$ cat query10.pdb   # PDB, C-alpha atoms
ATOM      1  CA  MET A   1       0.000   0.000   0.000
ATOM      2  CA  MET A   2       1.219   3.500  -0.875
ATOM      3  CA  THR A   3       0.222   6.602   1.068
ATOM      4  CA  ILE A   4       0.220   9.849  -0.893
ATOM      5  CA  GLY A   5       0.000  13.376   0.500
ATOM      6  CA  VAL A   6      -2.447  15.425  -1.591
ATOM      7  CA  ILE A   7      -2.264  19.225  -1.551
ATOM      8  CA  SER A   8      -3.153  22.183  -3.767
ATOM      9  CA  ASP A   9      -3.491  25.947  -3.858
ATOM     10  CA  THR A  10      -0.828  26.733  -1.281
ATOM     11  CA  HIS A  11      -0.307  30.235  -2.749
ATOM     12  CA  ILE A  12       2.999  30.870  -0.994
ATOM     13  CA  ILE A  13       4.445  34.158  -2.212
ATOM     14  CA  PRO A  14       7.941  35.094  -0.998
ATOM     15  CA  GLY A  15       7.774  38.111   1.311
ATOM     16  CA  TRP A  16       4.176  37.449   2.384
ATOM     17  CA  LYS A  17       3.365  36.108   5.827
ATOM     18  CA  ARG A  18       1.557  33.032   4.460
ATOM     19  CA  GLN A  19       3.372  29.736   5.014
ATOM     20  CA  LEU A  20       2.559  26.045   5.069
ATOM     21  CA  PRO A  21       0.781  25.317   8.359
ATOM     22  CA  PRO A  22       2.112  22.764  10.877
ATOM     23  CA  ILE A  23      -0.650  20.273   9.999
ATOM     24  CA  VAL A  24       1.057  19.713   6.617
ATOM     25  CA  TRP A  25       4.161  18.412   8.386
ATOM     26  CA  GLU A  26       2.053  16.347  10.790
ATOM     27  CA  LYS A  27      -0.190  14.643   8.203
ATOM     28  CA  PHE A  28       2.513  14.139   5.555
ATOM     29  CA  LYS A  29       5.305  12.892   7.859
ATOM     30  CA  ASP A  30       4.933   9.236   6.772
ATOM     31  CA  VAL A  31       3.776   9.561   3.146
ATOM     32  CA  ASP A  32       5.564   7.817   0.281
ATOM     33  CA  PHE A  33       5.308  10.933  -1.873
ATOM     34  CA  ILE A  34       3.294  14.146  -2.305
ATOM     35  CA  LEU A  35       1.120  15.303  -5.205
ATOM     36  CA  HIS A  36       0.620  19.085  -5.511
ATOM     37  CA  ALA A  37      -2.191  20.179  -7.841
ATOM     38  CA  GLY A  38      -0.842  23.634  -8.640
ATOM     39  CA  ASP A  39      -0.936  27.256  -7.563
ATOM     40  CA  LEU A  40       2.208  26.883  -5.502
ATOM     41  CA  ASN A  41       3.193  30.426  -6.576
ATOM     42  CA  THR A  42       6.848  29.571  -5.938
ATOM     43  CA  LEU A  43       8.911  26.419  -6.466
ATOM     44  CA  GLN A  44      10.178  26.861  -2.892
ATOM     45  CA  VAL A  45       6.999  25.018  -1.842
ATOM     46  CA  ILE A  46       8.331  21.901  -3.579
ATOM     47  CA  THR A  47      11.710  22.295  -1.885
ATOM     48  CA  ASP A  48       9.995  22.619   1.503
ATOM     49  CA  LEU A  49       7.717  19.613   0.951
ATOM     50  CA  GLU A  50      10.625  17.507  -0.320
ATOM     51  CA  THR A  51      11.985  17.504   3.237
ATOM     52  CA  LEU A  52       9.101  15.065   3.879
ATOM     53  CA  ALA A  53       8.904  13.017   0.663
ATOM     54  CA  PRO A  54       9.398  13.265  -3.111
ATOM     55  CA  VAL A  55       6.993  15.767  -4.711
ATOM     56  CA  PHE A  56       5.249  15.640  -8.087
ATOM     57  CA  ALA A  57       3.463  18.845  -9.065
ATOM     58  CA  VAL A  58       1.688  20.630 -11.892
ATOM     59  CA  TYR A  59       1.381  24.352 -12.401
ATOM     60  CA  GLY A  60      -1.799  26.341 -11.890
ATOM     61  CA  ASN A  61      -3.167  29.581 -13.291
ATOM     62  CA  ASN A  62      -1.636  31.697 -10.493
ATOM     63  CA  ASP A  63       1.851  30.231 -10.588
ATOM     64  CA  ASN A  64       4.873  32.388 -11.359
ATOM     65  CA  TRP A  65       6.855  32.230 -14.593
ATOM     66  CA  GLU A  66       9.454  29.849 -13.161
ATOM     67  CA  ALA A  67       6.832  27.332 -12.015
ATOM     68  CA  MET A  68       4.938  27.521 -15.316
ATOM     69  CA  HIS A  69       8.146  26.860 -17.246
ATOM     70  CA  THR A  70       9.390  24.085 -14.951
ATOM     71  CA  LEU A  71       6.243  22.086 -14.168
ATOM     72  CA  PRO A  72       3.828  20.417 -16.604
ATOM     73  CA  ALA A  73       0.144  21.378 -16.862
ATOM     74  CA  THR A  74      -0.898  17.743 -16.342
ATOM     75  CA  ARG A  75       0.703  14.535 -15.125
ATOM     76  CA  GLU A  76      -0.397  10.926 -15.356
ATOM     77  CA  MET A  77       1.180   8.209 -13.285
ATOM     78  CA  GLN A  78       0.653   4.544 -12.578
ATOM     79  CA  ILE A  79       0.688   3.869  -8.833
ATOM     80  CA  GLU A  80       0.084   0.382  -7.414
ATOM     81  CA  GLY A  81      -1.987  -0.526 -10.474
ATOM     82  CA  CYS A  82      -4.057   2.686 -10.460
ATOM     83  CA  GLN A  83      -3.887   5.349 -13.152
ATOM     84  CA  ILE A  84      -3.780   8.756 -11.426
ATOM     85  CA  GLY A  85      -4.164  12.071 -13.219
ATOM     86  CA  LEU A  86      -2.958  15.355 -11.704
ATOM     87  CA  VAL A  87      -4.084  18.762 -13.000
ATOM     88  CA  HIS A  88      -4.833  22.145 -11.491
ATOM     89  CA  GLY A  89      -8.432  22.261 -12.723
ATOM     90  CA  ASP A  90      -8.547  25.511 -14.694
ATOM     91  CA  VAL A  91      -7.985  23.819 -18.087
ATOM     92  CA  GLY A  92     -10.171  21.339 -19.925
ATOM     93  CA  THR A  93     -13.756  21.224 -21.100
ATOM     94  CA  GLY A  94     -16.816  21.472 -18.903
ATOM     95  CA  LYS A  95     -18.677  23.972 -16.765
ATOM     96  CA  SER A  96     -17.388  22.874 -13.359
ATOM     97  CA  THR A  97     -13.874  22.463 -12.012
ATOM     98  CA  PRO A  98     -14.290  18.700 -11.373
ATOM     99  CA  ILE A  99     -15.593  18.067 -14.907
ATOM    100  CA  ARG A 100     -12.819  20.211 -16.467
ATOM    101  CA  ALA A 101     -10.229  18.275 -14.459
ATOM    102  CA  LEU A 102     -11.711  14.917 -15.474
ATOM    103  CA  SER A 103     -11.765  15.914 -19.169
ATOM    104  CA  ASN A 104      -7.949  15.841 -19.228
ATOM    105  CA  PHE A 105      -7.701  12.091 -18.535
ATOM    106  CA  GLU A 106      -9.344   9.332 -20.584
ATOM    107  CA  ASN A 107      -8.338   6.340 -18.492
ATOM    108  CA  ALA A 108      -7.724   7.655 -14.989
ATOM    109  CA  ASP A 109      -8.953   5.771 -11.941
ATOM    110  CA  CYS A 110      -8.406   8.951  -9.896
ATOM    111  CA  VAL A 111      -8.143  12.629 -10.865
ATOM    112  CA  ILE A 112      -6.526  14.963  -8.360
ATOM    113  CA  PHE A 113      -7.120  18.668  -8.895
ATOM    114  CA  GLY A 114      -7.401  22.017  -7.130
ATOM    115  CA  HIS A 115      -8.290  25.508  -8.391
ATOM    116  CA  SER A 116     -11.628  25.981  -6.589
ATOM    117  CA  HIS A 117     -10.153  25.902  -3.047
ATOM    118  CA  ARG A 118     -13.105  23.661  -2.137
ATOM    119  CA  SER A 119     -12.286  20.163  -0.972
ATOM    120  CA  LEU A 120     -14.130  17.329  -2.677
ATOM    121  CA  ILE A 121     -14.167  13.553  -2.641
ATOM    122  CA  GLU A 122     -16.606  12.257  -5.238
ATOM    123  CA  TRP A 123     -16.932   9.045  -7.191
ATOM    124  CA  GLN A 124     -17.969   9.585 -10.808
ATOM    125  CA  GLU A 125     -19.671   6.674 -12.596
ATOM    126  CA  LEU A 126     -18.612   6.626 -16.246
ATOM    127  CA  PRO A 127     -19.245   4.009 -18.949
ATOM    128  CA  GLY A 128     -17.066   1.044 -18.034
ATOM    129  CA  ARG A 129     -15.281   2.667 -15.111
ATOM    130  CA  ARG A 130     -15.595   4.453 -11.805
ATOM    131  CA  VAL A 131     -13.345   7.500 -11.203
ATOM    132  CA  LEU A 132     -12.407   9.173  -7.939
ATOM    133  CA  LEU A 133     -12.420  12.982  -8.172
ATOM    134  CA  PHE A 134     -10.259  14.362  -5.360
ATOM    135  CA  ASN A 135      -9.741  18.050  -4.621
ATOM    136  CA  PRO A 136      -7.757  18.541  -1.398
ATOM    137  CA  GLY A 137      -8.812  22.203  -1.118
ATOM    138  CA  SER A 138      -6.216  24.591   0.269
ATOM    139  CA  PRO A 139      -4.259  24.526   3.543
ATOM    140  CA  THR A 140      -3.536  28.261   3.379
ATOM    141  CA  ASP A 141      -6.293  30.090   1.462
ATOM    142  CA  LYS A 142      -9.851  28.838   1.908
ATOM    143  CA  ARG A 143     -11.354  31.693  -0.194
ATOM    144  CA  TRP A 144     -14.864  30.506  -1.052
ATOM    145  CA  GLY A 145     -14.575  27.259   0.874
ATOM    146  CA  PRO A 146     -15.781  26.776   4.448
ATOM    147  CA  HIS A 147     -12.446  25.487   5.765
ATOM    148  CA  TYR A 148      -8.740  24.890   5.162
ATOM    149  CA  SER A 149      -7.904  21.375   4.049
ATOM    150  CA  LEU A 150      -5.503  18.809   2.629
ATOM    151  CA  GLY A 151      -5.697  15.090   1.986
ATOM    152  CA  LEU A 152      -4.189  11.649   1.969
ATOM    153  CA  LEU A 153      -4.745   8.993  -0.654
ATOM    154  CA  ARG A 154      -4.010   5.365   0.121
ATOM    155  CA  VAL A 155      -3.576   3.181  -2.949
ATOM    156  CA  ASP A 156      -3.527  -0.604  -2.757
ATOM    157  CA  GLY A 157      -3.988  -2.386  -6.061
ATOM    158  CA  LYS A 158      -7.109  -0.927  -7.642
ATOM    159  CA  ARG A 159      -8.417   0.143  -4.215
ATOM    160  CA  LEU A 160      -8.370   3.889  -3.525
ATOM    161  CA  GLU A 161      -8.960   5.279  -0.026
ATOM    162  CA  PRO A 162      -9.159   9.093   0.045
ATOM    163  CA  GLU A 163      -9.152  11.028   3.303
ATOM    164  CA  LEU A 164      -9.647  14.748   3.942
ATOM    165  CA  PHE A 165      -8.450  16.769   6.901
ATOM    166  CA  THR A 166     -10.236  20.073   7.505
ATOM    167  CA  TRP A 167      -9.834  22.861  10.044
ATOM    168  CA  GLU A 168     -10.919  26.448  10.590
TER     169      GLU A 168
END
$ encode --input "query10.pdb" --output "structure tokens"
Amino acid sequence: MMTIGVISDTHIIPGWKRQLPPIVWEKFKDVDFILHAGDLNTLQVITDLETLAPVFAVYGNNDNWEAMHTLPATREMQIEGCQIGLVHGDVGTGKSTPIRALSNFENADCVIFGHSHRSLIEWQELPGRRVLLFNPGSPTDKRWGPHYSLGLLRVDGKRLEPELFTWE
């Protein structure tokens, strides 16, 4: 079984007071790796998170030039037999962030995305497959959401176990 830290929309801008909260270090201390769904704003976020585990990230619509020219817009990876797609959520087709995110991946068992700052765990029934849509929300900028949040994803064969952590 693999345990993955899932995070998005950290919006860390050098010189601002915003920083990753202590719960990130607490919840991600034993993960195998971390997936960041964009809007880091600075690649320093990856460097900081890499003190815990390897990090795979995509860029989002608010990322700086360096992040947009270093990170891909989407990633697909095979983990323990599951196809996982990672995207920020601002690109694709569809009227909602989850549907836009899903539109980027034809064969994913799980799509991890951000952009809306609203956490979501939802199973989408599609012809011939069931897809987990997982938005970890934001640990630093809840904006329109009711709470700060981040997540863990446990992957064991084709079994996916998402978990959200929320706080005020």
$ closest_residue --input "query10.pdb" --among "A:Ile12, A:Ala101, A:Ala53, A:Ile79" --to "A:Asp30" --atoms "all atoms listed in the file"
A:Ala53
$ closest_residue --input "query10.pdb" --among "A:His69, A:Pro21, A:Met2, A:Thr10" --to "A:Ile46" --atoms "only C-alpha atoms"
A:Thr10
$ residues_around --input "query10.pdb" --residues "A:Arg143" --least-positions-apart "4" --cutoff "10 Å" --atoms "all atoms listed in the file" --output "list in words"
Ser116, His117, Arg118, Gly137, Ser138, His147 and Tyr148 of chain A
$ atom_distance --input "query10.pdb" --atom1 "atom CA of A:Leu43" --atom2 "atom CA of A:Ser119"
22.8 Å
$ closest_residue --input "query10.pdb" --among "A:Lys142, A:Val131, A:Gly60, A:Asp109" --to "A:Gln78" --atoms "all atoms listed in the file"
A:Asp109
$ atom_distance --input "query10.pdb" --atom1 "atom CA of A:Val111" --atom2 "atom CA of A:His36"
12.1 Å
$ closest_residue --input "query10.pdb" --among "A:Gly151, A:Pro98, A:Gly145, A:Pro162" --to "A:Leu35" --atoms "all atoms listed in the file"
A:Gly151
$ closest_residue --input "query10.pdb" --among "A:Asp9, A:Leu20, A:Trp167, A:Gly81" --to "A:Asn135" --atoms "all atoms listed in the file"
A:Asp9
$ atom_distance --input "query10.pdb" --atom1 "atom CA of A:Glu80" --atom2 "atom CA of A:Ile112"
16.0 Å
$ closest_residue --input "query10.pdb" --among "A:Phe113, A:Tyr59, A:Trp25, A:Trp144" --to "A:Val6" --atoms "only C-alpha atoms"
A:Phe113
$ resolve_selection --input "query10.pdb" --expression "the PyMOL selection byres ((chain A and resi 123) around 9)" --output "number ranges by chain"
A: 110, 121-122, 124-125, 130-134
$ resolve_selection --input "query10.pdb" --expression "the PyMOL selection byres ((chain A and resi 157) around 8)" --output "PyMOL selection string"
chain A and resi 1+80-82+155-156+158-159
$ write_last_selection --input "query10.pdb" --atoms "C-alpha atoms" --output "PDB file, in the frame of the given file"
ATOM      1  CA  MET A   1       0.000   0.000   0.000  1.00  0.00           C
ATOM      2  CA  GLU A  80       0.084   0.382  -7.414  1.00  0.00           C
ATOM      3  CA  GLY A  81      -1.987  -0.526 -10.474  1.00  0.00           C
ATOM      4  CA  CYS A  82      -4.057   2.686 -10.460  1.00  0.00           C
ATOM      5  CA  VAL A 155      -3.576   3.181  -2.949  1.00  0.00           C
ATOM      6  CA  ASP A 156      -3.527  -0.604  -2.757  1.00  0.00           C
ATOM      7  CA  LYS A 158      -7.109  -0.927  -7.642  1.00  0.00           C
ATOM      8  CA  ARG A 159      -8.417   0.143  -4.215  1.00  0.00           C
TER       9      ARG A 159
END
$ residues_around --input "query10.pdb" --residues "A:Thr97" --least-positions-apart "6" --cutoff "8 Å" --atoms "all atoms listed in the file" --output "number ranges by chain"
A: 89-90, 115-116
$ residues_around --input "query10.pdb" --residues "A:Arg100" --least-positions-apart "6" --cutoff "7 Å" --atoms "all atoms listed in the file" --output "VMD selection string"
chain A and resid 89 91 to 94
$ residues_around --input "query10.pdb" --residues "A:Ala73" --least-positions-apart "3" --cutoff "9 Å" --atoms "all atoms listed in the file" --output "NGL selection string"
:A and (38 or 57-60 or 68 or 86-88 or 91)
$ residues_near_point --input "query10.pdb" --point "(0.0, 33.3, -4.6)" --cutoff "9 Å" --atoms "only C-alpha atoms" --output "number ranges by chain"
A: 9-14, 39-42, 62-64
$ resolve_selection --input "query10.pdb" --expression "the PyMOL selection byres ((chain A and resi 165) around 8)" --output "list in words"
Ser149, Leu150, Gly151, Glu163, Leu164, Thr166 and Trp167 of chain A
